[in-house]
Amino acid sequence: MPFTPDSQLDLMFSAELISDEVRSQLHPDLHIRPLASTDYNRGHLSVLSVLTIVSDPGEAAWVAQFHAMRALPKTYYTIVIVDKTSDVIVAVGTVFIERKFLRGLGSVGHIEDIAVDKRQQGKKLGLRIIQSLTVISERSGCYKTILNCSNDNIPFYEKCGYQKKENEMAKYA
Ligand code: ACO
């Protein structure tokens with residue numbers, strides 16, 4: 001598929017929120033941008049399958065979820081890195097902004113669902129995704145940005161400037 005420029009896409013949020021510094025560090029064959037309403041057809045779920053088992057809801061339900069997330073203003077920021085030679089997504093990540101009553105009515109950025117296509121791992125794409133999401137979180141006024149990860153991924157997040165703090169608790173329904 002030929003590369004689709006941002007001007008022809010329906011994006012989740014303004015591309016201006018993506019750091020120019022991070023953009024300039026990407027290989028010229030790669031493009032970083034917000035998730036688009038047509039990214040179901042660019043391998044979005046396939047990239048996420050390196051992270052966990054993905055059940056495909058079908059395109060219509062995927063698009064409905066995209067619009068439901070975008071309808072919440074200043075809350076969900078999903079970004080993708082696209083291989084311009086194929087117009088296929090090779091890396092994804094999300095930051096979700098939580099508003100609080102504490103910390104002077106402050107906000108916290110929660111980084112979620114980071115995944116890089118197996119063939120593209122080890123080329124700093126994960127780092128670029130985390131850097132971009134952290135900038136979005138900080139520009140949104142968040143006083144901290146946090147995430148959960150496996151022990152195996154701790155060195156990766158340390159390379160991204162994050163430090164281990166406290167523990168995760170979970171209760172699955
Ligand atoms: N152990 C040690 N170091 C690592 C690891 C690791 N598991 N992964 C990356 N690094 C290091 C790299 O060597 C590099 O170091 P350098 O700067 O000294 O060269 C640095 O971290 C940056 O690495 P990237 O090349 O940016 O890593 P990559 O693009 O492969 O992305 C990621 C890392 C996201 C973990 C990727 O391997 C992946 O998709 N894994 C499977 C899915 C996954 O585990 N996602 C994270 C879940 S946690 C969450 O979503 C909040």
# chains A, B, ... in the order shown; residues from 1 in each chain; ligands from 1
$ select_by_dssp --residues "range 14-124 of chain A" --states "alpha helix (DSSP H)" --output "VMD selection string"
chain A and resid 20 to 24 44 to 48 59 to 70 102 to 105
$ residues_around --residues "Ala91 in chain A" --least-positions-apart "2" --cutoff "10 Å" --atoms "only C-alpha atoms" --output "number ranges by chain"
A: 32, 43-44, 47-48, 79-83, 88-89, 93, 114-118, 120-121, 125-126, 128-129
$ write_last_selection --atoms "N, CA, C and O atoms" --output "CSV table (one decimal), in the first residue's frame"
chain,number,residue,atom,x,y,z
A,32,ILE,N,5.9,8.8,12.6
A,32,ILE,CA,5.2,8.7,13.9
A,32,ILE,C,4.0,9.6,13.9
A,32,ILE,O,4.1,10.8,13.5
A,43,GLY,N,-2.7,-3.0,10.3
A,43,GLY,CA,-2.0,-4.0,11.2
A,43,GLY,C,-1.9,-3.6,12.6
A,43,GLY,O,-1.0,-4.1,13.4
A,44,HIS,N,-2.8,-2.7,13.1
A,44,HIS,CA,-2.7,-2.2,14.5
A,44,HIS,C,-2.8,-3.4,15.4
A,44,HIS,O,-2.0,-3.6,16.4
A,47,VAL,N,0.3,-5.8,15.5
A,47,VAL,CA,1.5,-5.3,16.3
A,47,VAL,C,1.2,-5.6,17.7
A,47,VAL,O,2.1,-6.1,18.5
A,48,LEU,N,-0.1,-5.4,18.2
A,48,LEU,CA,-0.4,-5.6,19.6
A,48,LEU,C,-0.2,-7.1,20.0
A,48,LEU,O,-0.1,-7.4,21.2
A,79,ILE,N,-0.5,6.4,19.9
A,79,ILE,CA,0.4,6.8,18.8
A,79,ILE,C,0.9,5.5,18.1
A,79,ILE,O,1.0,4.4,18.7
A,80,VAL,N,1.3,5.7,16.9
A,80,VAL,CA,1.8,4.6,16.1
A,80,VAL,C,3.0,5.0,15.3
A,80,VAL,O,3.2,6.2,15.0
A,81,ILE,N,3.9,4.1,15.0
A,81,ILE,CA,5.0,4.3,14.0
A,81,ILE,C,4.6,3.5,12.8
A,81,ILE,O,4.4,2.3,12.9
A,82,VAL,N,4.6,4.1,11.6
A,82,VAL,CA,4.3,3.5,10.4
A,82,VAL,C,5.5,3.3,9.5
A,82,VAL,O,6.3,4.3,9.4
A,83,ASP,N,5.6,2.2,8.9
A,83,ASP,CA,6.7,2.0,7.9
A,83,ASP,C,6.2,2.6,6.6
A,83,ASP,O,5.2,2.1,6.0
A,88,VAL,N,2.4,0.2,6.8
A,88,VAL,CA,2.0,-0.8,7.8
A,88,VAL,C,2.5,-0.3,9.2
A,88,VAL,O,3.6,0.3,9.2
A,89,ILE,N,1.7,-0.5,10.2
A,89,ILE,CA,2.1,-0.1,11.6
A,89,ILE,C,3.2,-1.0,12.1
A,89,ILE,O,3.0,-2.3,12.0
A,93,GLY,N,1.6,2.5,21.1
A,93,GLY,CA,1.6,2.8,22.5
A,93,GLY,C,0.5,3.8,22.8
A,93,GLY,O,0.1,4.6,22.0
A,114,ILE,N,2.3,-1.0,25.1
A,114,ILE,CA,3.5,-0.7,24.2
A,114,ILE,C,3.9,-2.0,23.5
A,114,ILE,O,4.1,-3.0,24.1
A,115,ALA,N,4.0,-1.9,22.2
A,115,ALA,CA,4.4,-3.1,21.4
A,115,ALA,C,5.1,-2.6,20.1
A,115,ALA,O,4.7,-1.6,19.5
A,116,VAL,N,6.2,-3.4,19.8
A,116,VAL,CA,7.0,-3.2,18.6
A,116,VAL,C,7.0,-4.5,17.8
A,116,VAL,O,7.2,-5.5,18.4
A,117,ASP,N,6.7,-4.4,16.5
A,117,ASP,CA,6.7,-5.6,15.7
A,117,ASP,C,8.0,-6.3,15.8
A,117,ASP,O,9.1,-5.7,15.9
A,118,LYS,N,8.0,-7.7,15.9
A,118,LYS,CA,9.2,-8.5,16.2
A,118,LYS,C,10.4,-8.2,15.3
A,118,LYS,O,11.5,-8.0,15.8
A,120,GLN,N,11.1,-5.4,14.0
A,120,GLN,CA,11.6,-4.1,14.2
A,120,GLN,C,12.2,-3.8,15.6
A,120,GLN,O,12.5,-2.7,15.9
A,121,GLN,N,12.1,-4.9,16.4
A,121,GLN,CA,12.6,-4.6,17.8
A,121,GLN,C,14.1,-4.4,17.8
A,121,GLN,O,14.8,-4.9,17.0
A,125,LEU,N,12.6,1.8,18.5
A,125,LEU,CA,11.3,2.3,18.2
A,125,LEU,C,10.5,2.3,19.5
A,125,LEU,O,9.7,3.3,19.8
A,126,GLY,N,10.7,1.3,20.4
A,126,GLY,CA,10.1,1.3,21.7
A,126,GLY,C,10.4,2.6,22.5
A,126,GLY,O,9.6,3.3,23.1
A,128,ARG,N,11.4,5.5,21.2
A,128,ARG,CA,10.8,6.7,20.6
A,128,ARG,C,9.3,6.8,21.0
A,128,ARG,O,8.8,7.9,21.3
A,129,ILE,N,8.6,5.6,21.1
A,129,ILE,CA,7.2,5.6,21.5
A,129,ILE,C,7.1,6.1,23.0
A,129,ILE,O,6.3,7.0,23.3
$ residues_around --residues "Ala64 in chain A" --least-positions-apart "6" --cutoff "12 Å" --atoms "only C-alpha atoms" --output "ChimeraX atom specification"
/A:37-38,40,57-58,70-71
$ residues_near_ligand --ligand "ligand 1" --cutoff "12 Å" --atoms "only C-alpha atoms and all ligand atoms" --output "PyMOL selection string"
chain A and resi 26+46-53+81+90-96+109-131+133+145-162+168
$ write_last_selection --atoms "C-alpha atoms" --output "CSV table (one decimal), in the first residue's frame"
chain,number,residue,atom,x,y,z
A,26,LEU,CA,13.3,8.4,13.4
A,46,SER,CA,-1.2,-7.5,14.6
A,47,VAL,CA,1.5,-5.3,16.3
A,48,LEU,CA,-0.4,-5.6,19.6
A,49,SER,CA,-0.3,-9.4,19.3
A,50,VAL,CA,3.5,-9.3,20.4
A,51,LEU,CA,2.2,-8.1,23.8
A,52,THR,CA,-0.7,-10.5,24.4
A,53,ILE,CA,-3.3,-12.7,22.8
A,81,ILE,CA,5.0,4.3,14.0
A,90,VAL,CA,5.3,-1.3,13.2
A,91,ALA,CA,5.0,0.1,16.8
A,92,VAL,CA,2.2,1.3,19.1
A,93,GLY,CA,1.6,2.8,22.5
A,94,THR,CA,-1.0,4.7,24.5
A,95,VAL,CA,-1.0,7.2,27.4
A,96,PHE,CA,-4.2,7.7,29.3
A,109,GLY,CA,-0.3,9.8,32.8
A,110,HIS,CA,-0.7,6.0,32.5
A,111,ILE,CA,1.3,4.4,29.8
A,112,GLU,CA,-0.3,1.3,28.4
A,113,ASP,CA,0.0,-1.3,25.6
A,114,ILE,CA,3.5,-0.7,24.2
A,115,ALA,CA,4.4,-3.1,21.4
A,116,VAL,CA,7.0,-3.2,18.6
A,117,ASP,CA,6.7,-5.6,15.7
A,118,LYS,CA,9.2,-8.5,16.2
A,119,ARG,CA,11.2,-7.7,13.1
A,120,GLN,CA,11.6,-4.1,14.2
A,121,GLN,CA,12.6,-4.6,17.8
A,122,GLY,CA,16.0,-3.4,19.0
A,123,LYS,CA,16.0,-0.4,16.7
A,124,LYS,CA,14.9,2.2,19.3
A,125,LEU,CA,11.3,2.3,18.2
A,126,GLY,CA,10.1,1.3,21.7
A,127,LEU,CA,12.2,4.1,23.1
A,128,ARG,CA,10.8,6.7,20.6
A,129,ILE,CA,7.2,5.6,21.5
A,130,ILE,CA,7.9,6.0,25.3
A,131,GLN,CA,9.6,9.4,24.7
A,133,LEU,CA,4.1,9.5,25.2
A,145,THR,CA,3.8,9.3,34.3
A,146,ILE,CA,3.6,5.6,35.4
A,147,LEU,CA,3.3,2.1,33.9
A,148,ASN,CA,3.2,-1.6,34.8
A,149,CYS,CA,5.6,-4.1,33.3
A,150,SER,CA,7.2,-7.5,33.7
A,151,ASN,CA,10.6,-7.9,35.4
A,152,ASP,CA,12.1,-8.7,31.9
A,153,ASN,CA,11.1,-5.2,30.7
A,154,ILE,CA,12.5,-3.2,33.6
A,155,PRO,CA,15.9,-2.6,31.9
A,156,PHE,CA,14.0,-1.3,28.8
A,157,TYR,CA,12.0,1.2,30.9
A,158,GLU,CA,15.1,2.2,32.8
A,159,LYS,CA,16.8,3.1,29.5
A,160,CYS,CA,13.7,5.2,28.8
A,161,GLY,CA,14.4,7.2,32.1
A,162,TYR,CA,11.8,5.4,34.3
A,168,GLU,CA,1.2,-3.7,41.1
$ select_by_dssp --residues "chain A" --states "strand (DSSP E)" --output "short mmCIF file (atom, residue, chain, number, x, y, z; two decimals) with all heavy atoms, in the first residue's frame"
data_model
loop_
_atom_site.label_atom_id
_atom_site.label_comp_id
_atom_site.auth_asym_id
_atom_site.auth_seq_id
_atom_site.Cartn_x
_atom_site.Cartn_y
_atom_site.Cartn_z
N LEU A 30 10.40 5.84 8.37
CA LEU A 30 9.39 5.66 9.42
C LEU A 30 8.68 6.98 9.71
O LEU A 30 9.27 8.05 9.59
CB LEU A 30 10.05 5.14 10.70
CG LEU A 30 10.71 3.76 10.60
CD1 LEU A 30 11.48 3.44 11.88
CD2 LEU A 30 9.68 2.68 10.30
N HIS A 31 7.40 6.88 10.11
CA HIS A 31 6.61 8.08 10.43
C HIS A 31 5.85 7.85 11.73
O HIS A 31 5.23 6.79 11.89
CB HIS A 31 5.63 8.35 9.28
CG HIS A 31 4.75 9.53 9.52
ND1 HIS A 31 5.21 10.81 9.68
CD2 HIS A 31 3.38 9.61 9.65
CE1 HIS A 31 4.19 11.64 9.88
NE2 HIS A 31 3.07 10.92 9.87
N ILE A 32 5.91 8.81 12.65
CA ILE A 32 5.18 8.68 13.92
C ILE A 32 3.99 9.63 13.89
O ILE A 32 4.11 10.78 13.46
CB ILE A 32 6.13 8.95 15.12
CG1 ILE A 32 5.42 8.65 16.45
CG2 ILE A 32 6.72 10.35 15.11
CD1 ILE A 32 6.38 8.51 17.64
N ARG A 33 2.83 9.12 14.30
CA ARG A 33 1.61 9.94 14.26
C ARG A 33 0.57 9.38 15.22
O ARG A 33 0.69 8.25 15.72
CB ARG A 33 1.04 9.98 12.83
CG ARG A 33 0.63 8.62 12.28
CD ARG A 33 -0.30 8.77 11.10
NE ARG A 33 -0.54 7.54 10.37
CZ ARG A 33 -1.35 6.57 10.74
NH1 ARG A 33 -2.00 6.64 11.91
NH2 ARG A 33 -1.54 5.50 9.99
N PRO A 34 -0.52 10.15 15.48
CA PRO A 34 -1.62 9.61 16.27
C PRO A 34 -2.30 8.45 15.53
O PRO A 34 -2.25 8.39 14.28
CB PRO A 34 -2.59 10.80 16.38
CG PRO A 34 -1.75 12.02 16.13
CD PRO A 34 -0.71 11.58 15.14
N TYR A 76 -7.38 10.02 25.96
CA TYR A 76 -6.65 8.91 25.33
C TYR A 76 -5.75 9.42 24.21
O TYR A 76 -6.21 10.13 23.31
CB TYR A 76 -7.62 7.89 24.73
CG TYR A 76 -8.27 7.02 25.77
CD1 TYR A 76 -9.59 7.22 26.15
CD2 TYR A 76 -7.56 5.99 26.38
CE1 TYR A 76 -10.19 6.43 27.11
CE2 TYR A 76 -8.14 5.20 27.35
CZ TYR A 76 -9.45 5.43 27.70
OH TYR A 76 -10.03 4.64 28.66
N TYR A 77 -4.48 9.02 24.29
CA TYR A 77 -3.52 9.38 23.24
C TYR A 77 -2.82 8.11 22.79
O TYR A 77 -1.92 7.61 23.49
CB TYR A 77 -2.50 10.39 23.78
CG TYR A 77 -3.11 11.70 24.21
CD1 TYR A 77 -3.51 11.90 25.53
CD2 TYR A 77 -3.29 12.73 23.29
CE1 TYR A 77 -4.08 13.12 25.92
CE2 TYR A 77 -3.86 13.94 23.68
CZ TYR A 77 -4.25 14.13 25.01
OH TYR A 77 -4.81 15.32 25.39
N THR A 78 -3.24 7.55 21.68
CA THR A 78 -2.57 6.37 21.12
C THR A 78 -1.74 6.82 19.93
O THR A 78 -2.25 7.52 19.04
CB THR A 78 -3.61 5.31 20.68
OG1 THR A 78 -4.35 4.90 21.81
CG2 THR A 78 -2.92 4.10 20.05
N ILE A 79 -0.46 6.42 19.95
CA ILE A 79 0.40 6.79 18.82
C ILE A 79 0.92 5.53 18.12
O ILE A 79 0.98 4.44 18.73
CB ILE A 79 1.59 7.68 19.26
CG1 ILE A 79 2.47 6.98 20.29
CG2 ILE A 79 1.12 9.00 19.78
CD1 ILE A 79 3.71 7.78 20.62
N VAL A 80 1.26 5.69 16.85
CA VAL A 80 1.78 4.57 16.07
C VAL A 80 3.01 5.04 15.30
O VAL A 80 3.15 6.22 15.00
CB VAL A 80 0.72 4.03 15.05
CG1 VAL A 80 -0.48 3.46 15.78
CG2 VAL A 80 0.29 5.11 14.07
N ILE A 81 3.89 4.08 14.99
CA ILE A 81 4.97 4.32 14.03
C ILE A 81 4.64 3.49 12.80
O ILE A 81 4.36 2.28 12.92
CB ILE A 81 6.35 3.97 14.61
CG1 ILE A 81 6.68 4.90 15.79
CG2 ILE A 81 7.43 4.08 13.52
CD1 ILE A 81 7.99 4.61 16.50
N VAL A 82 4.63 4.15 11.64
CA VAL A 82 4.26 3.50 10.38
C VAL A 82 5.50 3.34 9.51
O VAL A 82 6.32 4.27 9.41
CB VAL A 82 3.21 4.36 9.64
CG1 VAL A 82 2.83 3.75 8.30
CG2 VAL A 82 1.98 4.57 10.50
N ASP A 83 5.65 2.17 8.88
CA ASP A 83 6.69 1.96 7.88
C ASP A 83 6.18 2.57 6.57
O ASP A 83 5.20 2.08 5.98
CB ASP A 83 6.94 0.44 7.72
CG ASP A 83 8.01 0.14 6.69
OD1 ASP A 83 8.37 1.04 5.89
OD2 ASP A 83 8.48 -1.01 6.67
N VAL A 88 2.36 0.19 6.76
CA VAL A 88 1.96 -0.76 7.81
C VAL A 88 2.51 -0.26 9.15
O VAL A 88 3.61 0.29 9.22
CB VAL A 88 2.50 -2.18 7.47
CG1 VAL A 88 2.48 -3.10 8.68
CG2 VAL A 88 1.68 -2.78 6.33
N ILE A 89 1.72 -0.48 10.21
CA ILE A 89 2.13 -0.06 11.57
C ILE A 89 3.17 -1.04 12.11
O ILE A 89 3.00 -2.27 12.03
CB ILE A 89 0.90 -0.01 12.50
CG1 ILE A 89 -0.04 1.11 12.05
CG2 ILE A 89 1.32 0.21 13.96
CD1 ILE A 89 -1.39 1.10 12.74
N VAL A 90 4.27 -0.48 12.69
CA VAL A 90 5.32 -1.34 13.24
C VAL A 90 5.52 -1.14 14.75
O VAL A 90 6.24 -1.91 15.38
CB VAL A 90 6.67 -1.14 12.50
CG1 VAL A 90 6.58 -1.68 11.08
CG2 VAL A 90 7.12 0.32 12.52
N ALA A 91 4.89 -0.11 15.33
CA ALA A 91 5.00 0.11 16.78
C ALA A 91 3.80 0.91 17.26
O ALA A 91 3.28 1.75 16.52
CB ALA A 91 6.30 0.85 17.12
N VAL A 92 3.36 0.63 18.49
CA VAL A 92 2.21 1.33 19.05
C VAL A 92 2.41 1.60 20.54
O VAL A 92 3.23 0.95 21.19
CB VAL A 92 0.88 0.53 18.89
CG1 VAL A 92 0.62 0.16 17.46
CG2 VAL A 92 0.87 -0.70 19.77
N GLY A 93 1.62 2.54 21.07
CA GLY A 93 1.62 2.80 22.51
C GLY A 93 0.54 3.81 22.84
O GLY A 93 0.11 4.58 21.97
N THR A 94 0.11 3.80 24.10
CA THR A 94 -0.96 4.71 24.54
C THR A 94 -0.59 5.36 25.85
O THR A 94 0.04 4.73 26.70
CB THR A 94 -2.28 3.90 24.74
OG1 THR A 94 -2.72 3.39 23.49
CG2 THR A 94 -3.40 4.76 25.33
N VAL A 95 -0.96 6.64 26.01
CA VAL A 95 -0.97 7.23 27.35
C VAL A 95 -2.40 7.70 27.62
O VAL A 95 -3.05 8.29 26.76
CB VAL A 95 0.08 8.36 27.53
CG1 VAL A 95 -0.17 9.58 26.67
CG2 VAL A 95 0.17 8.76 29.00
N PHE A 96 -2.87 7.36 28.82
CA PHE A 96 -4.22 7.69 29.26
C PHE A 96 -4.08 8.69 30.41
O PHE A 96 -3.30 8.47 31.33
CB PHE A 96 -4.92 6.39 29.70
CG PHE A 96 -5.99 6.54 30.73
CD1 PHE A 96 -7.20 7.12 30.41
CD2 PHE A 96 -5.80 6.07 32.03
CE1 PHE A 96 -8.19 7.25 31.38
CE2 PHE A 96 -6.79 6.19 32.99
CZ PHE A 96 -7.98 6.78 32.66
N ILE A 97 -4.77 9.83 30.33
CA ILE A 97 -4.61 10.89 31.33
C ILE A 97 -5.73 10.78 32.38
O ILE A 97 -6.92 10.89 32.05
CB ILE A 97 -4.65 12.30 30.67
CG1 ILE A 97 -3.69 12.38 29.46
CG2 ILE A 97 -4.34 13.38 31.71
CD1 ILE A 97 -2.22 12.20 29.76
N GLU A 98 -5.30 10.53 33.61
CA GLU A 98 -6.25 10.40 34.74
C GLU A 98 -6.31 11.72 35.50
O GLU A 98 -5.28 12.25 35.92
CB GLU A 98 -5.73 9.30 35.70
CG GLU A 98 -6.50 9.19 36.99
CD GLU A 98 -5.64 8.69 38.16
OE1 GLU A 98 -4.45 8.40 37.96
OE2 GLU A 98 -6.19 8.62 39.26
N ARG A 99 -7.50 12.26 35.68
CA ARG A 99 -7.66 13.51 36.46
C ARG A 99 -7.91 13.15 37.92
O ARG A 99 -8.61 12.19 38.21
CB ARG A 99 -8.82 14.32 35.90
CG ARG A 99 -8.60 14.71 34.45
CD ARG A 99 -9.74 15.53 33.92
NE ARG A 99 -9.71 16.84 34.53
CZ ARG A 99 -9.92 17.98 33.87
NH1 ARG A 99 -10.18 17.95 32.58
NH2 ARG A 99 -9.88 19.14 34.47
N SER A 107 -3.02 15.71 37.48
CA SER A 107 -3.27 14.58 36.57
C SER A 107 -2.06 13.65 36.54
O SER A 107 -0.93 14.08 36.80
CB SER A 107 -3.50 15.08 35.14
OG SER A 107 -4.63 15.90 35.08
N VAL A 108 -2.36 12.38 36.22
CA VAL A 108 -1.32 11.35 36.10
C VAL A 108 -1.43 10.71 34.72
O VAL A 108 -2.54 10.40 34.27
CB VAL A 108 -1.50 10.26 37.19
CG1 VAL A 108 -0.52 9.11 36.98
CG2 VAL A 108 -1.33 10.86 38.59
N GLY A 109 -0.31 10.51 34.07
CA GLY A 109 -0.31 9.81 32.78
C GLY A 109 -0.03 8.33 32.99
O GLY A 109 0.93 7.97 33.66
N HIS A 110 -0.88 7.48 32.43
CA HIS A 110 -0.70 6.02 32.53
C HIS A 110 -0.31 5.48 31.16
O HIS A 110 -1.12 5.54 30.22
CB HIS A 110 -2.00 5.35 32.97
CG HIS A 110 -2.45 5.76 34.35
ND1 HIS A 110 -2.21 5.00 35.47
CD2 HIS A 110 -3.11 6.87 34.78
CE1 HIS A 110 -2.70 5.62 36.53
NE2 HIS A 110 -3.26 6.75 36.14
N ILE A 111 0.90 4.97 31.05
CA ILE A 111 1.35 4.39 29.78
C ILE A 111 0.87 2.95 29.69
O ILE A 111 1.00 2.18 30.65
CB ILE A 111 2.88 4.53 29.65
CG1 ILE A 111 3.22 5.99 29.35
CG2 ILE A 111 3.44 3.59 28.58
CD1 ILE A 111 4.67 6.28 29.09
N GLU A 112 0.29 2.59 28.56
CA GLU A 112 -0.32 1.28 28.37
C GLU A 112 -0.01 0.72 26.99
O GLU A 112 0.15 1.48 26.03
CB GLU A 112 -1.87 1.40 28.46
CG GLU A 112 -2.42 1.75 29.83
CD GLU A 112 -2.44 0.58 30.78
OE1 GLU A 112 -2.32 -0.58 30.30
OE2 GLU A 112 -2.55 0.80 32.00
N ASP A 113 0.03 -0.60 26.91
CA ASP A 113 0.00 -1.32 25.62
C ASP A 113 1.07 -0.87 24.63
O ASP A 113 0.79 -0.39 23.53
CB ASP A 113 -1.41 -1.20 24.98
CG ASP A 113 -2.48 -1.77 25.90
OD1 ASP A 113 -2.11 -2.52 26.82
OD2 ASP A 113 -3.66 -1.47 25.70
N ILE A 114 2.32 -1.03 25.08
CA ILE A 114 3.47 -0.71 24.23
C ILE A 114 3.86 -1.98 23.46
O ILE A 114 4.06 -3.05 24.06
CB ILE A 114 4.68 -0.28 25.11
CG1 ILE A 114 4.29 0.88 26.04
CG2 ILE A 114 5.89 0.06 24.25
CD1 ILE A 114 3.80 2.12 25.35
N ALA A 115 3.98 -1.88 22.17
CA ALA A 115 4.37 -3.05 21.38
C ALA A 115 5.11 -2.63 20.11
O ALA A 115 4.73 -1.65 19.46
CB ALA A 115 3.13 -3.87 21.00
N VAL A 116 6.17 -3.38 19.81
CA VAL A 116 6.96 -3.15 18.59
C VAL A 116 6.98 -4.47 17.81
O VAL A 116 7.24 -5.53 18.39
CB VAL A 116 8.41 -2.73 18.95
CG1 VAL A 116 9.27 -2.57 17.71
CG2 VAL A 116 8.40 -1.42 19.77
N LYS A 144 3.23 13.13 37.13
CA LYS A 144 4.03 11.92 36.96
C LYS A 144 3.43 11.07 35.84
O LYS A 144 2.26 11.22 35.48
CB LYS A 144 4.13 11.12 38.25
CG LYS A 144 2.83 10.47 38.70
CD LYS A 144 3.06 9.59 39.94
CE LYS A 144 1.74 8.99 40.41
NZ LYS A 144 1.86 8.18 41.62
N THR A 145 4.27 10.19 35.31
CA THR A 145 3.83 9.25 34.27
C THR A 145 4.24 7.87 34.78
O THR A 145 5.40 7.67 35.18
CB THR A 145 4.52 9.56 32.92
OG1 THR A 145 4.32 10.94 32.62
CG2 THR A 145 3.94 8.71 31.80
N ILE A 146 3.30 6.92 34.79
CA ILE A 146 3.57 5.61 35.38
C ILE A 146 3.14 4.48 34.43
O ILE A 146 2.37 4.71 33.48
CB ILE A 146 2.88 5.44 36.74
CG1 ILE A 146 1.37 5.61 36.63
CG2 ILE A 146 3.42 6.44 37.75
CD1 ILE A 146 0.63 5.36 37.96
#
$ atom_distance --atom1 "CA of Gly104 in chain A" --atom2 "CA of Leu72 in chain A"
21.9 Å
$ atom_distance --atom1 "CA of Ser86 in chain A" --atom2 "CA of Leu9 in chain A"
16.1 Å
